[in-house]
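Listing of final-v5.cif; format and content: mmCIF, C-alpha atoms.
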data_start
loop_
_atom_site.label_atom_id
_atom_site.label_comp_id
_atom_site.auth_asym_id
_atom_site.auth_seq_id
_atom_site.Cartn_x
_atom_site.Cartn_y
_atom_site.Cartn_z
CA MET A 1 -50.12 -23.92 28.33
CA SER A 2 -53.87 -23.25 28.75
CA SER A 3 -56.00 -22.81 25.67
CA SER A 4 -56.86 -19.27 26.69
CA SER A 5 -53.21 -18.18 26.54
CA ARG A 6 -52.55 -19.56 23.08
CA PRO A 7 -53.53 -16.46 21.06
CA ALA A 8 -51.21 -14.37 23.20
CA ALA A 9 -48.43 -16.88 22.66
CA ARG A 10 -49.12 -16.82 18.95
CA LEU A 11 -48.92 -13.03 18.91
CA LEU A 12 -45.67 -13.19 20.82
CA ALA A 13 -44.32 -15.70 18.36
CA ILE A 14 -45.28 -13.45 15.46
CA ALA A 15 -43.68 -10.47 17.17
CA LEU A 16 -40.52 -12.43 17.89
CA GLY A 17 -40.56 -13.76 14.36
CA GLY A 18 -40.60 -10.20 13.09
CA LEU A 19 -37.76 -9.35 15.43
CA VAL A 20 -35.68 -12.26 14.18
CA ALA A 21 -36.27 -11.26 10.60
CA THR A 22 -34.97 -7.77 11.16
CA THR A 23 -32.01 -8.55 13.37
CA ALA A 24 -30.63 -11.82 12.05
CA GLU A 25 -28.82 -10.29 9.10
CA ALA A 26 -26.19 -7.62 9.07
CA HIS A 27 -25.75 -5.07 6.33
CA PHE A 28 -22.37 -5.47 4.72
CA GLN A 29 -20.76 -3.38 2.05
CA LEU A 30 -19.02 -5.76 -0.32
CA LEU A 31 -15.82 -4.74 -2.07
CA TYR A 32 -15.27 -8.07 -3.75
CA THR A 33 -12.64 -9.46 -6.05
CA PRO A 34 -12.18 -13.21 -6.49
CA GLU A 35 -8.52 -13.53 -5.48
CA ALA A 36 -6.71 -11.89 -2.58
CA ALA A 37 -3.19 -13.18 -3.22
CA LEU A 38 -2.14 -13.08 -6.86
CA ASN A 39 1.02 -14.73 -8.15
CA GLU A 40 1.21 -12.32 -11.07
CA SER A 41 -0.19 -8.89 -11.69
CA ALA A 42 -3.50 -8.77 -13.50
CA ALA A 43 -6.42 -6.44 -14.10
CA ILE A 44 -8.47 -6.64 -10.91
CA GLU A 45 -12.23 -6.84 -11.32
CA LEU A 46 -14.29 -5.64 -8.38
CA ALA A 47 -17.95 -5.81 -7.40
CA LEU A 48 -19.40 -3.18 -5.07
CA VAL A 49 -22.64 -4.52 -3.62
CA PHE A 50 -24.54 -3.65 -0.43
CA SER A 51 -26.03 -6.85 0.85
CA HIS A 52 -26.32 -9.55 3.49
CA PRO A 53 -23.50 -11.88 2.55
CA PHE A 54 -24.28 -14.95 4.58
CA ASP A 55 -27.78 -15.71 3.41
CA ASN A 56 -27.79 -13.79 0.12
CA GLY A 57 -30.86 -12.00 1.40
CA PHE A 58 -32.14 -8.55 0.61
CA THR A 59 -29.69 -6.58 -1.52
CA MET A 60 -29.87 -2.81 -1.10
CA ASN A 61 -29.55 0.02 -3.61
CA MET A 62 -26.22 1.80 -3.62
CA GLY A 63 -25.97 5.48 -4.43
CA LYS A 64 -22.96 6.91 -6.27
CA PRO A 65 -19.90 6.23 -4.08
CA GLU A 66 -18.34 9.28 -2.46
CA GLU A 67 -14.83 7.84 -2.78
CA PHE A 68 -13.30 4.80 -4.44
CA TYR A 69 -9.55 4.43 -4.69
CA VAL A 70 -6.63 2.10 -4.15
CA VAL A 71 -3.48 2.64 -2.13
CA ALA A 72 -0.54 0.66 -3.51
CA GLN A 73 2.70 0.02 -1.73
CA ARG A 74 5.64 -2.11 -2.83
CA GLY A 75 7.85 -3.18 0.03
CA GLU A 76 9.12 -0.22 1.98
CA GLY A 77 8.44 2.22 -0.86
CA GLU A 78 6.15 5.23 -0.74
CA PRO A 79 2.40 4.50 -0.82
CA LYS A 80 0.68 5.55 -4.04
CA LYS A 81 -3.01 6.48 -4.15
CA THR A 82 -4.98 6.04 -7.38
CA ASP A 83 -8.53 7.32 -7.77
CA LEU A 84 -10.74 4.62 -9.31
CA THR A 85 -14.08 6.45 -9.59
CA GLN A 86 -13.66 6.73 -13.39
CA TYR A 87 -13.87 2.94 -13.64
CA LEU A 88 -17.19 2.62 -11.79
CA GLU A 89 -19.93 1.07 -13.91
CA PRO A 90 -23.48 1.17 -12.51
CA ILE A 91 -25.19 -2.19 -12.80
CA GLU A 92 -28.13 -4.13 -11.42
CA TRP A 93 -27.11 -6.91 -9.05
CA SER A 94 -29.32 -9.89 -8.28
CA GLY A 95 -29.66 -11.37 -4.85
CA LEU A 96 -31.73 -14.49 -4.29
CA ASP A 97 -34.98 -12.60 -4.04
CA SER A 98 -34.17 -9.01 -4.86
CA LYS A 99 -32.33 -6.80 -7.34
CA ALA A 100 -30.53 -3.62 -6.46
CA ALA A 101 -28.33 -0.88 -7.85
CA ALA A 102 -24.65 -1.77 -7.49
CA TYR A 103 -21.34 -1.17 -9.25
CA VAL A 104 -18.57 -3.11 -10.90
CA ALA A 105 -15.12 -1.77 -11.72
CA ARG A 106 -12.33 -3.12 -13.89
CA PRO A 107 -9.32 -0.85 -13.60
CA PRO A 108 -6.66 -1.67 -16.24
CA ARG A 109 -3.70 -3.86 -15.41
CA THR A 110 -1.44 -0.81 -15.22
CA VAL A 111 -3.15 0.13 -11.92
CA THR A 112 -2.13 -3.14 -10.26
CA ARG A 113 0.96 -3.91 -12.35
CA SER A 114 3.58 -3.53 -9.63
CA LEU A 115 4.40 -6.03 -6.93
CA GLY A 116 3.07 -5.31 -3.46
CA ASP A 117 -0.07 -4.61 -1.45
CA TYR A 118 -3.15 -2.92 -2.82
CA THR A 119 -5.73 -1.62 -0.35
CA PHE A 120 -8.97 -0.83 -2.13
CA VAL A 121 -11.09 1.71 -0.26
CA LEU A 122 -14.76 2.45 -0.80
CA LYS A 123 -16.68 5.23 0.90
CA PRO A 124 -20.21 4.59 -0.30
CA ALA A 125 -23.05 7.09 -0.28
CA PRO A 126 -24.99 6.96 3.01
CA TYR A 127 -27.80 4.42 2.80
CA TYR A 128 -31.16 5.24 4.37
CA GLU A 129 -32.37 2.32 6.49
CA GLY A 130 -36.09 2.87 6.85
CA ASN A 131 -36.51 0.18 9.52
CA GLU A 132 -34.29 2.15 11.85
CA ASP A 133 -34.95 5.66 10.41
CA LYS A 134 -31.25 6.33 10.10
CA TYR A 135 -28.44 6.35 7.58
CA ILE A 136 -25.65 3.78 7.37
CA GLN A 137 -22.29 4.45 5.77
CA GLN A 138 -19.73 1.65 5.74
CA ILE A 139 -16.19 2.67 4.84
CA THR A 140 -14.83 -0.54 3.39
CA LYS A 141 -11.34 -1.91 2.78
CA THR A 142 -10.22 -4.96 0.81
CA VAL A 143 -6.51 -5.72 0.73
CA ILE A 144 -4.90 -7.82 -1.97
CA ASN A 145 -1.30 -8.66 -2.77
CA VAL A 146 0.61 -9.20 -6.00
CA GLY A 147 3.63 -11.48 -6.13
CA GLY A 148 4.19 -11.99 -2.39
CA LEU A 149 6.09 -8.75 -1.85
CA PRO A 150 4.28 -7.10 1.07
CA GLY A 151 3.49 -3.43 1.55
CA ALA A 152 1.81 -1.48 4.31
CA TRP A 153 -1.04 -3.87 5.01
CA ASP A 154 -0.56 -3.18 8.74
CA GLU A 155 -0.62 0.62 8.53
CA PRO A 156 -3.71 2.78 9.09
CA LEU A 157 -4.81 4.77 6.06
CA GLY A 158 -6.01 7.67 8.17
CA LEU A 159 -9.68 7.02 7.44
CA PRO A 160 -12.32 8.44 9.82
CA VAL A 161 -13.02 4.85 10.89
CA GLU A 162 -11.15 1.70 9.92
CA ILE A 163 -10.08 -1.76 11.00
CA VAL A 164 -6.28 -2.00 10.85
CA PRO A 165 -5.01 -5.55 10.28
CA LEU A 166 -2.53 -7.19 12.64
CA ASP A 167 -2.26 -10.16 10.29
CA LYS A 168 -1.96 -10.05 6.51
CA PRO A 169 -5.57 -9.92 5.32
CA TYR A 170 -4.75 -11.88 2.17
CA ALA A 171 -2.63 -14.69 3.67
CA ASN A 172 -4.64 -16.66 6.21
CA TRP A 173 -4.88 -20.42 6.47
CA VAL A 174 -8.20 -21.98 7.37
CA GLY A 175 -8.10 -22.81 11.08
CA GLY A 176 -6.00 -19.79 11.92
CA VAL A 177 -7.08 -16.54 13.49
CA PHE A 178 -7.18 -13.01 12.19
CA ARG A 179 -6.52 -10.01 14.40
CA GLY A 180 -7.21 -6.34 13.88
CA VAL A 181 -7.64 -3.07 15.74
CA VAL A 182 -10.70 -0.87 15.39
CA LEU A 183 -9.85 2.81 15.00
CA ALA A 184 -12.02 5.91 14.97
CA ASP A 185 -10.22 9.19 14.24
CA GLY A 186 -6.98 7.23 14.54
CA LYS A 187 -7.63 6.03 18.09
CA PRO A 188 -8.54 2.48 19.20
CA VAL A 189 -12.20 1.96 20.07
CA PRO A 190 -12.50 -0.09 23.30
CA HIS A 191 -15.23 -2.73 23.25
CA ALA A 192 -16.36 -1.77 19.75
CA GLU A 193 -19.41 -3.66 18.54
CA ILE A 194 -18.36 -6.08 15.81
CA GLU A 195 -20.31 -8.18 13.34
CA ILE A 196 -18.74 -10.90 11.23
CA GLU A 197 -20.24 -12.67 8.24
CA PHE A 198 -18.94 -15.34 5.93
CA LEU A 199 -19.45 -14.62 2.22
CA ASN A 200 -21.57 -17.71 1.85
CA HIS A 201 -22.77 -17.10 -1.71
CA GLU A 202 -19.81 -16.38 -3.95
CA PRO A 203 -20.38 -13.32 -6.14
CA GLN A 204 -20.43 -14.12 -9.86
CA ILE A 205 -19.34 -10.81 -11.30
CA GLY A 206 -19.93 -11.73 -14.95
CA GLU A 207 -23.51 -12.72 -14.19
CA ARG A 208 -24.09 -9.79 -11.82
CA ARG A 209 -25.38 -12.01 -9.06
CA PHE A 210 -24.52 -14.13 -6.06
CA ASP A 211 -24.13 -17.87 -6.54
CA PRO A 212 -27.56 -19.20 -5.52
CA ALA A 213 -25.85 -22.17 -3.83
CA ALA A 214 -24.74 -21.64 -0.24
CA LYS A 215 -21.41 -23.03 0.96
CA VAL A 216 -22.55 -23.66 4.53
CA THR A 217 -25.78 -23.78 6.50
CA ALA A 218 -26.33 -21.94 9.76
CA PRO A 219 -27.79 -24.20 12.46
CA GLN A 220 -29.51 -21.22 14.07
CA ASP A 221 -29.87 -17.50 13.42
CA SER A 222 -27.07 -16.55 15.82
CA PHE A 223 -24.60 -18.12 13.40
CA THR A 224 -25.61 -16.00 10.41
CA THR A 225 -24.03 -12.88 11.81
CA LEU A 226 -21.42 -13.54 14.47
CA SER A 227 -21.42 -10.83 17.10
CA VAL A 228 -18.35 -10.09 19.13
CA ARG A 229 -16.85 -7.16 21.00
CA ALA A 230 -13.40 -5.71 20.66
CA ASP A 231 -11.36 -5.89 23.83
CA ALA A 232 -10.38 -2.91 25.99
CA ALA A 233 -7.61 -2.01 23.53
CA GLY A 234 -9.98 -2.11 20.53
CA GLN A 235 -8.46 -5.36 19.31
CA ILE A 236 -10.44 -8.15 17.72
CA ILE A 237 -9.48 -11.76 17.14
CA ILE A 238 -11.62 -13.97 14.95
CA GLY A 239 -11.28 -17.60 13.97
CA LEU A 240 -11.35 -18.66 10.32
CA PRO A 241 -12.99 -22.08 10.06
CA LYS A 242 -13.84 -22.00 6.35
CA ALA A 243 -12.08 -20.99 3.14
CA GLY A 244 -13.37 -17.86 1.47
CA TRP A 245 -13.98 -14.22 2.23
CA TRP A 246 -14.96 -13.05 5.68
CA GLY A 247 -16.40 -9.60 6.35
CA ILE A 248 -15.69 -7.81 9.60
CA CYS A 249 -17.77 -4.76 10.45
CA ALA A 250 -17.25 -2.41 13.39
CA LEU A 251 -20.54 -0.62 14.02
CA ASN A 252 -21.57 2.84 15.12
CA LEU A 253 -18.12 4.33 15.42
CA ASP A 254 -19.47 7.83 14.96
CA ASP A 255 -20.17 10.32 17.65
CA GLY A 256 -23.58 11.79 16.96
CA LEU A 257 -23.08 12.17 13.21
CA LYS A 258 -26.05 13.30 11.14
CA HIS A 259 -26.97 13.03 7.49
CA ASP A 260 -30.03 14.82 6.10
CA GLY A 261 -31.13 15.53 9.67
CA LYS A 262 -31.09 11.88 10.69
CA GLU A 263 -28.66 9.73 12.64
CA LEU A 264 -25.73 8.39 10.61
CA SER A 265 -24.09 5.15 11.68
CA LEU A 266 -20.50 5.27 10.46
CA ASP A 267 -19.14 1.73 10.23
CA ALA A 268 -15.76 0.28 9.25
CA VAL A 269 -15.68 -2.89 7.15
CA LEU A 270 -12.65 -5.03 6.35
CA TRP A 271 -12.69 -8.09 4.09
CA ILE A 272 -10.17 -10.85 4.62
CA LYS A 273 -9.68 -14.17 2.88
CA ALA A 274 -8.98 -17.60 4.34
CA THR A 275 -7.37 -20.30 2.22
CA ASP A 276 -7.43 -24.09 2.63
CA MET A 277 -4.17 -25.92 3.35
CA LYS A 278 -3.94 -28.48 0.60
CA MET B 1 45.17 -14.83 17.41
CA ASN B 2 44.48 -16.20 14.01
CA ARG B 3 42.35 -18.95 15.49
CA LEU B 4 40.30 -16.34 17.35
CA ARG B 5 39.78 -14.21 14.30
CA LEU B 6 38.15 -16.96 12.31
CA PRO B 7 35.01 -17.39 14.38
CA LEU B 8 34.65 -13.64 14.82
CA ALA B 9 35.04 -13.04 11.12
CA SER B 10 32.42 -15.68 10.36
CA VAL B 11 29.73 -14.02 12.50
CA PRO B 12 28.65 -11.47 9.87
CA LEU B 13 28.64 -14.19 7.21
CA ILE B 14 26.29 -16.31 9.28
CA ALA B 15 24.04 -13.33 9.86
CA ILE B 16 23.90 -12.56 6.16
CA ALA B 17 23.14 -16.17 5.30
CA TRP B 18 20.37 -16.30 7.88
CA ALA B 19 18.84 -13.06 6.69
CA ALA B 20 18.86 -14.23 3.09
CA TYR B 21 17.21 -17.54 3.83
CA ALA B 22 14.56 -16.04 6.10
CA HIS B 23 12.82 -14.40 3.15
CA ASN B 24 12.55 -15.01 -0.53
CA ALA B 25 13.80 -12.84 -3.33
CA ILE B 26 10.98 -11.56 -5.54
CA CYS B 27 11.22 -9.89 -8.93
CA ASP B 28 8.74 -8.98 -11.64
CA CYS B 29 9.04 -6.99 -14.86
CA PHE B 30 6.67 -5.16 -17.16
CA ASP B 31 6.86 -3.59 -20.59
CA ASN B 32 6.36 0.18 -20.42
CA GLY B 33 5.12 0.26 -24.00
CA ASP B 34 7.86 2.73 -25.02
CA ASP B 35 10.59 0.23 -25.85
CA THR B 36 11.70 0.07 -22.24
CA ILE B 37 11.29 -2.63 -19.62
CA THR B 38 11.04 -2.01 -15.88
CA CYS B 39 11.85 -4.67 -13.32
CA GLU B 40 10.92 -4.38 -9.67
CA GLY B 41 12.41 -6.46 -6.89
CA GLY B 42 12.36 -6.98 -3.19
CA PHE B 43 12.12 -9.57 -0.46
CA SER B 44 9.12 -11.33 1.01
CA ASP B 45 9.48 -9.40 4.29
CA GLY B 46 9.11 -6.15 2.37
CA ALA B 47 12.83 -5.30 2.46
CA LYS B 48 14.22 -3.30 -0.45
CA ALA B 49 16.57 -4.76 -3.02
CA VAL B 50 18.74 -1.67 -3.43
CA GLY B 51 21.96 -2.52 -5.29
CA VAL B 52 20.95 -6.09 -6.12
CA PRO B 53 22.42 -6.97 -9.54
CA LEU B 54 19.97 -7.24 -12.41
CA ARG B 55 21.32 -8.63 -15.66
CA VAL B 56 19.74 -8.97 -19.05
CA LEU B 57 21.10 -11.92 -21.05
CA ASP B 58 20.54 -13.17 -24.56
CA THR B 59 19.82 -16.83 -25.31
CA ALA B 60 23.54 -17.61 -25.51
CA GLY B 61 24.11 -16.17 -22.05
CA LYS B 62 25.83 -13.00 -23.22
CA VAL B 63 25.19 -10.08 -20.87
CA LEU B 64 23.29 -7.36 -22.74
CA VAL B 65 22.69 -5.10 -19.74
CA ASP B 66 24.50 -5.25 -16.42
CA GLY B 67 22.53 -3.17 -13.95
CA LYS B 68 21.71 -2.76 -10.30
CA MET B 69 18.44 -2.05 -8.54
CA THR B 70 18.01 1.65 -7.75
CA ASP B 71 17.08 3.05 -4.34
CA LYS B 72 13.47 2.42 -5.36
CA SER B 73 14.23 -1.28 -5.88
CA ASP B 74 13.62 -1.07 -9.59
CA PHE B 75 15.64 -0.91 -12.81
CA THR B 76 14.63 0.22 -16.30
CA PHE B 77 16.48 -0.77 -19.46
CA PRO B 78 15.94 -0.54 -23.24
CA LYS B 79 13.93 -3.46 -24.55
CA PRO B 80 16.37 -5.80 -26.35
CA LYS B 81 15.70 -6.48 -30.01
CA VAL B 82 16.58 -10.14 -29.50
CA ASP B 83 15.17 -12.90 -27.27
CA TYR B 84 16.32 -12.31 -23.72
CA ARG B 85 15.96 -13.21 -20.10
CA VAL B 86 16.26 -11.14 -16.95
CA GLN B 87 18.25 -12.35 -13.96
CA PHE B 88 17.67 -10.78 -10.54
CA ASP B 89 20.64 -12.01 -8.52
CA ALA B 90 20.16 -11.69 -4.76
CA GLY B 91 22.74 -14.35 -4.00
CA GLN B 92 23.04 -18.10 -4.05
CA GLY B 93 19.64 -19.74 -4.04
CA HIS B 94 17.99 -16.36 -4.52
CA VAL B 95 18.23 -15.83 -8.24
CA VAL B 96 14.98 -15.02 -10.04
CA THR B 97 14.98 -15.53 -13.81
CA ILE B 98 12.25 -14.13 -16.04
CA ASP B 99 11.85 -14.99 -19.72
CA GLY B 100 11.47 -11.85 -21.84
CA ARG B 101 8.53 -13.46 -23.65
CA ASP B 102 6.59 -13.45 -20.34
CA ILE B 103 7.00 -9.70 -19.84
CA GLU B 104 3.78 -7.88 -20.73
CA GLN B 105 2.57 -4.32 -20.71
#
Give the structure from this file in structure tokens form.
Amino acid sequence: MSSSSRPAARLLAIALGGLVATTAEAHFQLLYTPEAALNESAAIELALVFSHPFDNGFTMNMGKPEEFYVVAQRGEGEPKKTDLTQYLEPIEWSGLDSKAAAYVARPPRTVTRSLGDYTFVLKPAPYYEGNEDKYIQQITKTVINVGGLPGAWDEPLGLPVEIVPLDKPYANWVGGVFRGVVLADGKPVPHAEIEIEFLNHEPQIGERRFDPAAKVTAPQDSFTTLSVRADAAGQIIIGLPKAGWWGICALNLDDGLKHDGKELSLDAVLWIKATDMK
Amino acid sequence: MNRLRLPLASVPLIAIAWAAYAHNAICDCFDNGDDTITCEGGFSDGAKAVGVPLRVLDTAGKVLVDGKMTDKSDFTFPKPKVDYRVQFDAGQGHVVTIDGRDIEQ
């Protein structure tokens, strides 16, 4: 490279650097609880944090959630919906280099006392993303099980957008795969844009922060957020190489939605947990 | 004819045995806080446990309550005044026993 071209190259590098910084991380709505498969019923503690789970980067302020509930089903029984908004406690959550408004919730044991599946659902307030001058709203599901008696983990909940599991979200061995179908208005979304992140910094609910220590290191930015596409039937298949929680987000499933006069990206997030064979 | 009947008659038995071994019996109980106990049961494939016997026994093995799971796969009984255990009996190898002292609200 000639000396005269170096400033231009430097500018390009700065520009690209800026681009990397804004695209490497994906926004993910966390709906976290430590255990996905419980042997016995217990009070389930949850953390609701809007963040970048792989690198514990910038954590964003959450507004008051629009909806927060759990759908319980024991075996082939009728599903039972319980509103959980009364248990929301506003808190300040610490990321590595930022603090943000978030929520924790500790519904009493009576809410999760029966055997079966519990699908927690969070519809957060739309978040204004200044970098893109648009709103983001991620309807998020986390499915847990009590006692090994399954429920309707494989049934859609009828949400505007959702990822419907084809494998139990709470019973996955490391090294296996997880499959799901992306739905918008109840219909599969062909070739939906999907982002996947590993929850690399375990949330420490009592301390209102992420564990500063990372579990794994990304060799390059492409590995921070894995980008895949659903197939023509809206189905996704992802590998699970590491124990812990994995977030799957289907992006922009809306059709020209607006919020406060600006574009609203309506996303569907599903959290699944992989467990080591040992 | 008798020889023929035997294998035919054994077909449903084999099917039942296979079905029972393919999934585990699961039962859990909780204290309703009003002097009653509710037990819920089912199988690991999500199948209901309608009609499965549920017995409450004292420490000597005397049956205090002899019940069956309802069509909702549960059964509620008065909380015994003595130490007790609950037995969910879904057949040989599929009996779940719960100590009354482990049953919480």
Residues within 9 Å of (-16.5, -4.5, -8.5), counting only C-alpha atoms, listed as a ChimeraX atom specification: /A:30-33,44-49,88-89,102-106,205
Just want the 12 Å neighbourhood of range 256-261 of chain A, counted on all atoms listed in the file, with same-chain residues fewer than 5 positions away dropped. Output as a ChimeraX atom specification. /A:125-128,133-137,160,266-267
With C-alpha atoms kept, could you save the residues just selected as a PDB file, in the frame of the given file?
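Output contents, as saved in part_4.pdb:
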ATOM      1  CA  ALA A 125     -23.050   7.090  -0.280  1.00  0.00           C
ATOM      2  CA  PRO A 126     -24.990   6.960   3.010  1.00  0.00           C
ATOM      3  CA  TYR A 127     -27.800   4.420   2.800  1.00  0.00           C
ATOM      4  CA  TYR A 128     -31.160   5.240   4.370  1.00  0.00           C
ATOM      5  CA  ASP A 133     -34.950   5.660  10.410  1.00  0.00           C
ATOM      6  CA  LYS A 134     -31.250   6.330  10.100  1.00  0.00           C
ATOM      7  CA  TYR A 135     -28.440   6.350   7.580  1.00  0.00           C
ATOM      8  CA  ILE A 136     -25.650   3.780   7.370  1.00  0.00           C
ATOM      9  CA  GLN A 137     -22.290   4.450   5.770  1.00  0.00           C
ATOM     10  CA  PRO A 160     -12.320   8.440   9.820  1.00  0.00           C
ATOM     11  CA  LEU A 266     -20.500   5.270  10.460  1.00  0.00           C
ATOM     12  CA  ASP A 267     -19.140   1.730  10.230  1.00  0.00           C
TER      13      ASP A 267
END
Show me, as a list in words, every residue of chain A with an atom at most 7 Å from chain B, counting only C-alpha atoms. Gly75, Glu76, Gly77, Gly148, Leu149, Pro150 and Gly151 of chain A
Would you output that residue set with C-alpha atoms, as a PDB file, keeping the file's coordinate frame?
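Saved as out_25.pdb:
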ATOM      1  CA  GLY A  75       7.850  -3.180   0.030  1.00  0.00           C
ATOM      2  CA  GLU A  76       9.120  -0.220   1.980  1.00  0.00           C
ATOM      3  CA  GLY A  77       8.440   2.220  -0.860  1.00  0.00           C
ATOM      4  CA  GLY A 148       4.190 -11.990  -2.390  1.00  0.00           C
ATOM      5  CA  LEU A 149       6.090  -8.750  -1.850  1.00  0.00           C
ATOM      6  CA  PRO A 150       4.280  -7.100   1.070  1.00  0.00           C
ATOM      7  CA  GLY A 151       3.490  -3.430   1.550  1.00  0.00           C
TER       8      GLY A 151
END
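CA of Glu129 in chain A sits 27.8 Å away from CA of Val216 in chain A.
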Please tell me which residues are no farther than 12 Å from (-7.4, 7.8, 18.3) in the file, counting only C-alpha atoms, and write them as a list in words. Pro156, Gly158, Leu159, Pro160, Val161, Glu162, Val181, Val182, Leu183, Ala184, Asp185, Gly186, Lys187, Pro188, Val189, Pro190, Ala233, Gly234 and Leu253 of chain A
